[in-house]
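For reference, start_9.cif is printed below; it contains mmCIF, C-alpha atoms and all ligand atoms.
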```cif
data_run
loop_
_atom_site.label_atom_id
_atom_site.label_comp_id
_atom_site.auth_asym_id
_atom_site.auth_seq_id
_atom_site.Cartn_x
_atom_site.Cartn_y
_atom_site.Cartn_z
CA MET A 1 194.31 75.20 169.68
CA TYR A 2 196.98 75.98 167.13
CA LEU A 3 197.61 73.40 164.49
CA LYS A 4 199.84 73.36 161.48
CA GLY A 5 200.16 77.09 161.09
CA SER A 6 196.56 78.10 161.68
CA TYR A 7 194.20 78.31 164.59
CA TYR A 8 192.52 74.98 165.06
CA ARG A 9 188.92 74.85 166.17
CA PRO A 10 187.66 71.31 166.61
CA GLU A 11 184.03 72.44 166.77
CA LYS A 12 184.31 73.28 163.10
CA ALA A 13 185.18 69.66 162.43
CA GLU A 14 188.59 70.42 161.05
CA SER A 15 191.04 67.64 160.92
CA THR A 16 194.58 67.04 159.93
CA SER A 17 196.59 64.16 158.74
CA THR A 18 200.17 63.13 158.40
CA SER A 19 201.95 61.96 155.33
CA THR A 20 203.83 58.76 155.65
CA VAL A 21 205.49 56.38 153.27
CA PRO A 22 206.55 52.82 154.01
CA PRO A 23 210.01 52.47 155.54
CA THR A 24 210.94 50.19 152.69
CA ASP A 25 210.60 52.92 150.08
CA PRO A 26 212.44 56.03 151.22
CA GLU A 27 213.42 57.16 147.76
CA PHE A 28 211.40 60.18 146.78
CA GLY A 29 211.85 63.89 146.32
CA TYR A 30 210.04 67.11 145.52
CA ARG A 31 210.73 69.62 142.85
CA LEU A 32 210.28 73.07 144.38
CA SER A 33 210.47 76.50 142.83
CA GLY A 34 214.05 77.65 142.75
CA GLY A 35 215.58 74.46 144.07
CA PHE A 36 215.38 70.75 144.34
CA PHE A 37 214.57 69.19 147.67
CA SER A 38 215.79 65.63 147.49
CA LEU A 39 214.83 63.34 150.32
CA GLU A 40 216.52 60.45 148.61
CA ALA A 41 219.91 62.11 148.80
CA GLY A 42 219.18 63.79 152.11
CA LEU A 43 220.16 67.15 150.66
CA VAL A 44 218.56 70.53 150.32
CA PHE A 45 219.71 72.30 147.23
CA LEU A 46 219.52 76.03 147.56
CA GLY A 47 219.60 77.46 144.06
CA SER A 48 222.19 75.98 141.78
CA LEU A 49 223.93 72.75 142.63
CA GLY A 50 227.03 73.03 144.74
CA ASN A 51 229.02 71.26 147.40
CA SER A 52 227.81 73.06 150.50
CA GLN A 53 224.28 71.74 150.94
CA PRO A 54 223.49 70.58 154.46
CA LYS A 55 222.53 66.95 154.90
CA ILE A 56 219.02 66.41 156.15
CA GLY A 57 219.33 62.82 157.24
CA ARG A 58 219.55 59.22 156.13
CA LYS A 59 216.58 57.16 155.00
CA PRO A 60 213.76 59.64 155.51
CA VAL A 61 210.50 57.71 155.76
CA ALA A 62 207.81 60.23 156.69
CA LEU A 63 207.22 63.92 156.85
CA GLU A 64 204.77 66.47 158.19
CA THR A 65 204.19 70.07 157.28
CA GLY A 66 203.49 72.94 159.64
CA ASP A 67 204.78 76.33 160.70
CA PHE A 68 207.31 75.46 163.39
CA ASN A 69 208.93 78.89 163.75
CA GLY A 70 205.86 81.12 163.62
CA ASP A 71 206.66 83.06 160.44
CA ARG A 72 203.50 81.83 158.68
CA ILE A 73 205.54 79.94 156.11
CA GLN A 74 205.15 76.18 156.03
CA ASP A 75 208.06 74.10 157.24
CA ILE A 76 208.67 70.35 157.12
CA ALA A 77 209.51 67.85 159.84
CA ILE A 78 211.22 64.76 158.42
CA SER A 79 211.55 61.44 160.17
CA ASN A 80 214.98 59.95 159.40
CA TYR A 81 214.82 56.20 159.87
CA GLY A 82 218.54 55.79 159.28
CA ASP A 83 219.73 58.42 161.74
CA GLY A 84 217.28 58.18 164.62
CA ASN A 85 216.40 61.82 164.36
CA LEU A 86 213.84 64.30 163.17
CA SER A 87 215.00 67.05 160.83
CA ILE A 88 213.24 70.38 160.81
CA VAL A 89 213.62 72.29 157.57
CA LEU A 90 212.25 75.81 157.49
CA GLY A 91 210.43 77.14 154.48
CA ARG A 92 211.13 80.49 152.95
CA LYS A 93 209.06 82.82 150.80
CA ASP A 94 210.98 81.77 147.70
CA GLY A 95 209.98 78.13 148.17
CA ILE A 96 213.44 77.02 149.19
CA PHE A 97 213.91 75.09 152.40
CA LYS A 98 216.73 75.40 154.89
CA LEU A 99 217.78 72.90 157.53
CA LYS A 100 217.11 74.31 160.99
CA THR A 101 217.87 71.47 163.36
CA LYS A 102 218.09 67.73 163.86
CA LEU A 103 216.40 66.34 166.93
CA LYS A 104 217.46 63.03 168.42
CA VAL A 105 214.31 61.05 169.06
CA GLY A 106 215.51 57.45 169.39
CA ARG A 107 216.31 54.46 167.24
CA LEU A 108 214.39 53.92 164.00
CA PRO A 109 211.79 56.68 163.87
CA ILE A 110 208.87 55.98 161.54
CA ALA A 111 205.77 58.17 161.48
CA VAL A 112 205.66 61.86 162.27
CA ALA A 113 202.74 64.19 162.91
CA ALA A 114 202.34 67.62 164.44
CA GLY A 115 199.78 69.50 166.51
CA ASP A 116 199.64 71.78 169.51
CA PHE A 117 199.52 69.21 172.27
CA ASN A 118 199.99 71.64 175.17
CA ASN A 119 197.76 74.44 173.89
CA ASP A 120 200.40 77.14 173.88
CA GLU A 121 199.80 77.96 170.19
CA LYS A 122 203.20 76.56 169.24
CA LEU A 123 203.37 73.53 167.01
CA ASP A 124 204.66 70.29 168.55
CA PRO A 125 205.92 67.27 166.59
CA ALA A 126 205.21 63.68 167.58
CA VAL A 127 207.24 60.73 166.31
CA THR A 128 206.81 56.99 166.55
CA LEU A 129 209.76 54.61 166.84
CA TRP A 130 209.87 51.20 165.21
CA PHE A 131 210.60 49.65 168.56
CA ASP A 132 207.27 50.53 170.07
CA LYS A 133 207.41 54.07 171.29
CA LEU A 134 205.62 57.35 170.77
CA VAL A 135 207.69 60.47 171.46
CA ILE A 136 206.32 63.97 171.94
CA LEU A 137 208.43 67.06 171.43
CA LEU A 138 207.24 70.49 172.50
CA GLY A 139 207.86 73.43 170.20
CA LYS A 140 209.28 76.67 171.49
CA GLY A 141 207.79 78.58 168.57
CA ASP A 142 211.14 79.57 167.05
CA GLY A 143 212.01 76.30 165.32
CA ASN A 144 213.58 74.78 168.42
CA PHE A 145 212.09 72.03 170.55
CA LYS A 146 212.47 70.16 173.76
CA LEU A 147 211.96 66.45 174.22
CA ALA A 148 208.88 65.89 176.34
CA GLU A 149 207.28 62.56 177.17
CA SER A 150 207.64 59.17 175.54
CA TYR A 151 205.00 56.45 175.69
CA LYS A 152 204.95 52.73 175.12
CA ALA A 153 203.26 51.80 171.84
CA PRO A 154 203.80 48.06 171.32
CA GLY A 155 203.15 46.55 167.87
CA THR A 156 205.29 48.66 165.51
CA PRO A 157 203.56 52.06 165.38
CA ALA A 158 203.88 52.75 161.65
CA TYR A 159 201.28 55.40 160.86
CA MET A 160 199.96 58.30 162.87
CA THR A 161 197.50 61.16 162.62
CA VAL A 162 196.37 63.95 164.92
CA GLY A 163 192.88 65.22 165.68
CA ASP A 164 190.50 65.96 168.51
CA PHE A 165 188.70 62.64 168.53
CA ASN A 166 186.65 63.19 171.71
CA SER A 167 185.78 66.87 171.24
CA ASP A 168 187.40 68.09 174.45
CA LYS A 169 189.52 70.64 172.53
CA ASN A 170 192.70 68.79 173.38
CA LEU A 171 194.50 67.16 170.49
CA ASP A 172 194.74 63.37 170.43
CA ILE A 173 196.88 60.94 168.44
CA ALA A 174 195.72 57.87 166.52
CA ILE A 175 198.30 55.26 165.59
CA ALA A 176 198.03 52.27 163.25
CA PHE A 177 200.30 49.34 163.99
CA ASN A 178 201.71 46.94 161.45
CA ALA A 179 203.57 44.23 163.30
CA VAL A 180 202.84 40.66 162.19
CA ARG A 181 199.43 39.46 163.40
CA VAL A 182 198.60 42.89 164.79
CA ASN A 183 195.13 44.14 163.93
CA PHE A 184 194.41 47.23 165.95
CA ILE A 185 194.89 50.93 166.23
CA ARG A 186 195.39 52.88 169.40
CA ILE A 187 194.09 56.31 170.35
CA PHE A 188 196.13 58.35 172.77
CA TYR A 189 193.85 61.03 174.14
CA GLY A 190 195.60 64.27 175.01
CA ASN A 191 195.38 66.06 178.34
CA GLY A 192 196.02 69.44 176.74
CA ASP A 193 199.29 69.98 178.62
CA GLY A 194 201.54 67.98 176.32
CA THR A 195 200.86 64.68 178.07
CA LEU A 196 198.67 61.82 176.90
CA LYS A 197 196.37 59.39 178.67
CA ASN A 198 196.83 55.64 178.53
CA PRO A 199 195.82 54.59 175.02
CA VAL A 200 192.52 53.06 174.02
CA ARG A 201 192.87 50.06 171.76
CA ILE A 202 190.46 49.58 168.87
CA GLU A 203 190.39 46.22 167.14
CA SER A 204 190.36 46.38 163.38
CA GLY A 205 189.48 42.75 162.71
CA GLY A 206 191.37 40.22 160.64
CA CA A 301 207.77 78.58 159.21
CA CA A 302 202.58 73.51 171.69
CA CA A 303 190.73 65.34 172.48
#
```
Let me see the file written as structure tokens.
Ligand SMILES: [Ca+2]
Ligand SMILES: [Ca+2]
Ligand SMILES: [Ca+2]
Amino acid sequence: MYLKGSYYRPEKAESTSTSTVPPTDPEFGYRLSGGFFSLEAGLVFLGSLGNSQPKIGRKPVALETGDFNGDRIQDIAISNYGDGNLSIVLGRKDGIFKLKTKLKVGRLPIAVAAGDFNNDEKLDPAVTLWFDKLVILLGKGDGNFKLAESYKAPGTPAYMTVGDFNSDKNLDIAIAFNAVRVNFIRIFYGNGDGTLKNPVRIESGG
């Protein structure tokens, strides 16, 4: 399997995780060499400040790194809560990022993670929506994607990570839910073709 820019071999007990921040605190940014990548403003500054920077999206709440266009340079997928889309910004050797595309995924996206869910060695993003959905996009390997399946995920699916949790060499997705009085996670086991099985619910107590 291919995961986040490198070959992924579950038998070596590798794992990956996604970075998320609460939807209530979208104001953050990264200082990068040669430019300032401001998620708060939704702008990528390439070099000196100017008026022509492309807008990434409104209210970004989560992001995931990975090589989405196969050039061995890390890129970033950004979940834009305010726009209902996922922005893909491509990394360059000089550390500056460039907006590649915005992918409509549905209303109020929250968590984002990436893995190769169909085992074609091209990285695929997955996004959860506040209103109880999990959406899988399949990467074409050049920074473009096609919307694949969406799955019901009731309970406000706020946090997500990817790994092979049953050692069948197909990537799976674990989601933590944070709706009121919800105390469980769900594991969606992958079939290896970009589709997922019905989730298994694990109670977390409380
Ligand atoms: Ca790349
Ligand atoms: Ca793939
Ligand atoms: Ca698996």
For this session: Around the point (209.8, 65.6, 177.1) in the file's coordinates, collect all residues with an atom within 12 Å, using only C-alpha atoms, and return them as a list in words.
Result: Lys104, Val105, Phe117, Asn118, Asp124, Pro125, Ala126, Leu134, Val135, Ile136, Leu137, Leu138, Gly139, Phe145, Lys146, Leu147, Ala148, Glu149, Ser150, Tyr151, Asp193, Gly194, Thr195 and Leu196 of chain A
Exercise. Neighbours of segment 176-192 of chain A within 8 Å (only C-alpha atoms; same-chain residues fewer than 6 positions away dropped), as a ChimeraX atom specification?
Worked result: /A:117-119,155-160,165-166,169-170,198-206
Go ahead and save the residues from that selection, with C-alpha atoms, as a tab-separated table (two decimals), in the frame of the given file.
```
chain	number	residue	atom	x	y	z
A	117	PHE	CA	199.52	69.21	172.27
A	118	ASN	CA	199.99	71.64	175.17
A	119	ASN	CA	197.76	74.44	173.89
A	155	GLY	CA	203.15	46.55	167.87
A	156	THR	CA	205.29	48.66	165.51
A	157	PRO	CA	203.56	52.06	165.38
A	158	ALA	CA	203.88	52.75	161.65
A	159	TYR	CA	201.28	55.40	160.86
A	160	MET	CA	199.96	58.30	162.87
A	165	PHE	CA	188.70	62.64	168.53
A	166	ASN	CA	186.65	63.19	171.71
A	169	LYS	CA	189.52	70.64	172.53
A	170	ASN	CA	192.70	68.79	173.38
A	198	ASN	CA	196.83	55.64	178.53
A	199	PRO	CA	195.82	54.59	175.02
A	200	VAL	CA	192.52	53.06	174.02
A	201	ARG	CA	192.87	50.06	171.76
A	202	ILE	CA	190.46	49.58	168.87
A	203	GLU	CA	190.39	46.22	167.14
A	204	SER	CA	190.36	46.38	163.38
A	205	GLY	CA	189.48	42.75	162.71
A	206	GLY	CA	191.37	40.22	160.64
```
Problem set entry | Straight-line distance linking atom CA of Gly106 of chain A with atom CA of Leu90 of chain A, stated in Å to one decimal |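 Calculated distance between atom CA of Gly106 of chain A and atom CA of Leu90 of chain A is 22.1 Å.
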For this session: May I have the residues within 12 Å of ligand CA 301 (chain A), computed using all atoms listed in the file, as a VMD selection string?
Result: chain A and resid 4 to 6 65 to 77 88 to 93 95 to 100 122 to 123 141 to 144
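Nearest to Gly163 of chain A of all the residues A:Ser87, A:Glu64, A:Arg58, A:Ala114 is A:Ala114, based on all atoms listed in the file.
Rounded to one decimal, atom CA of Lys59 of chain A and atom CA of Ala153 of chain A lie 22.1 Å from each other.
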For this session: Find the distance between atom CA of Trp130 of chain A and atom CA of Ser167 of chain A and write it in Å to one decimal.
Result: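 Going from atom CA of Trp130 of chain A over to atom CA of Ser167 of chain A covers 29.4 Å.
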Seminar exercise, completed: One residue among A:Glu121, A:Thr128, A:Gly84, A:Ile173 is nearest to ligand CA 302 (chain A) when using all atoms listed in the file, and that residue is A:Glu121
For this session: Using all atoms listed in the file, find the one residue out of A:Asp83, A:Asp172, A:Asp116, A:Asp164 that sits nearest to ligand CA 302 (chain A).
Result: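 Of the candidates, the smallest distance to ligand CA 302 (chain A) is held by A:Asp116.
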Test item: axis-aligned box, all listed atoms of segment 77-96 of chain A, 8 Å on each side, centre and edges in Å rounded to one decimal, as lines of an AutoDock Vina configuration file:
```
center_x = 214.4
center_y = 69.3
center_z = 156.2
size_x = 26.7
size_y = 43.0
size_z = 32.9
```
For this session: Using all atoms listed in the file, find the one residue out of A:Lys133, A:Arg107, A:Lys55, A:Lys197 that sits nearest to ligand CA 303 (chain A).
Result: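 For ligand CA 303 (chain A), the nearest of the given residues is A:Lys197.
Distance annotation: of A:Pro154, A:Phe131, A:Gly115, A:Pro109, the residue with the minimal separation from ligand CA 303 (chain A) is A:Gly115; atom set is all atoms listed in the file.
If you measure from each of A:Ile110, A:Val162, A:Val127, A:Leu86 to ligand CA 303 (chain A) using only C-alpha atoms and all ligand atoms, the closest one turns out to be A:Val162.
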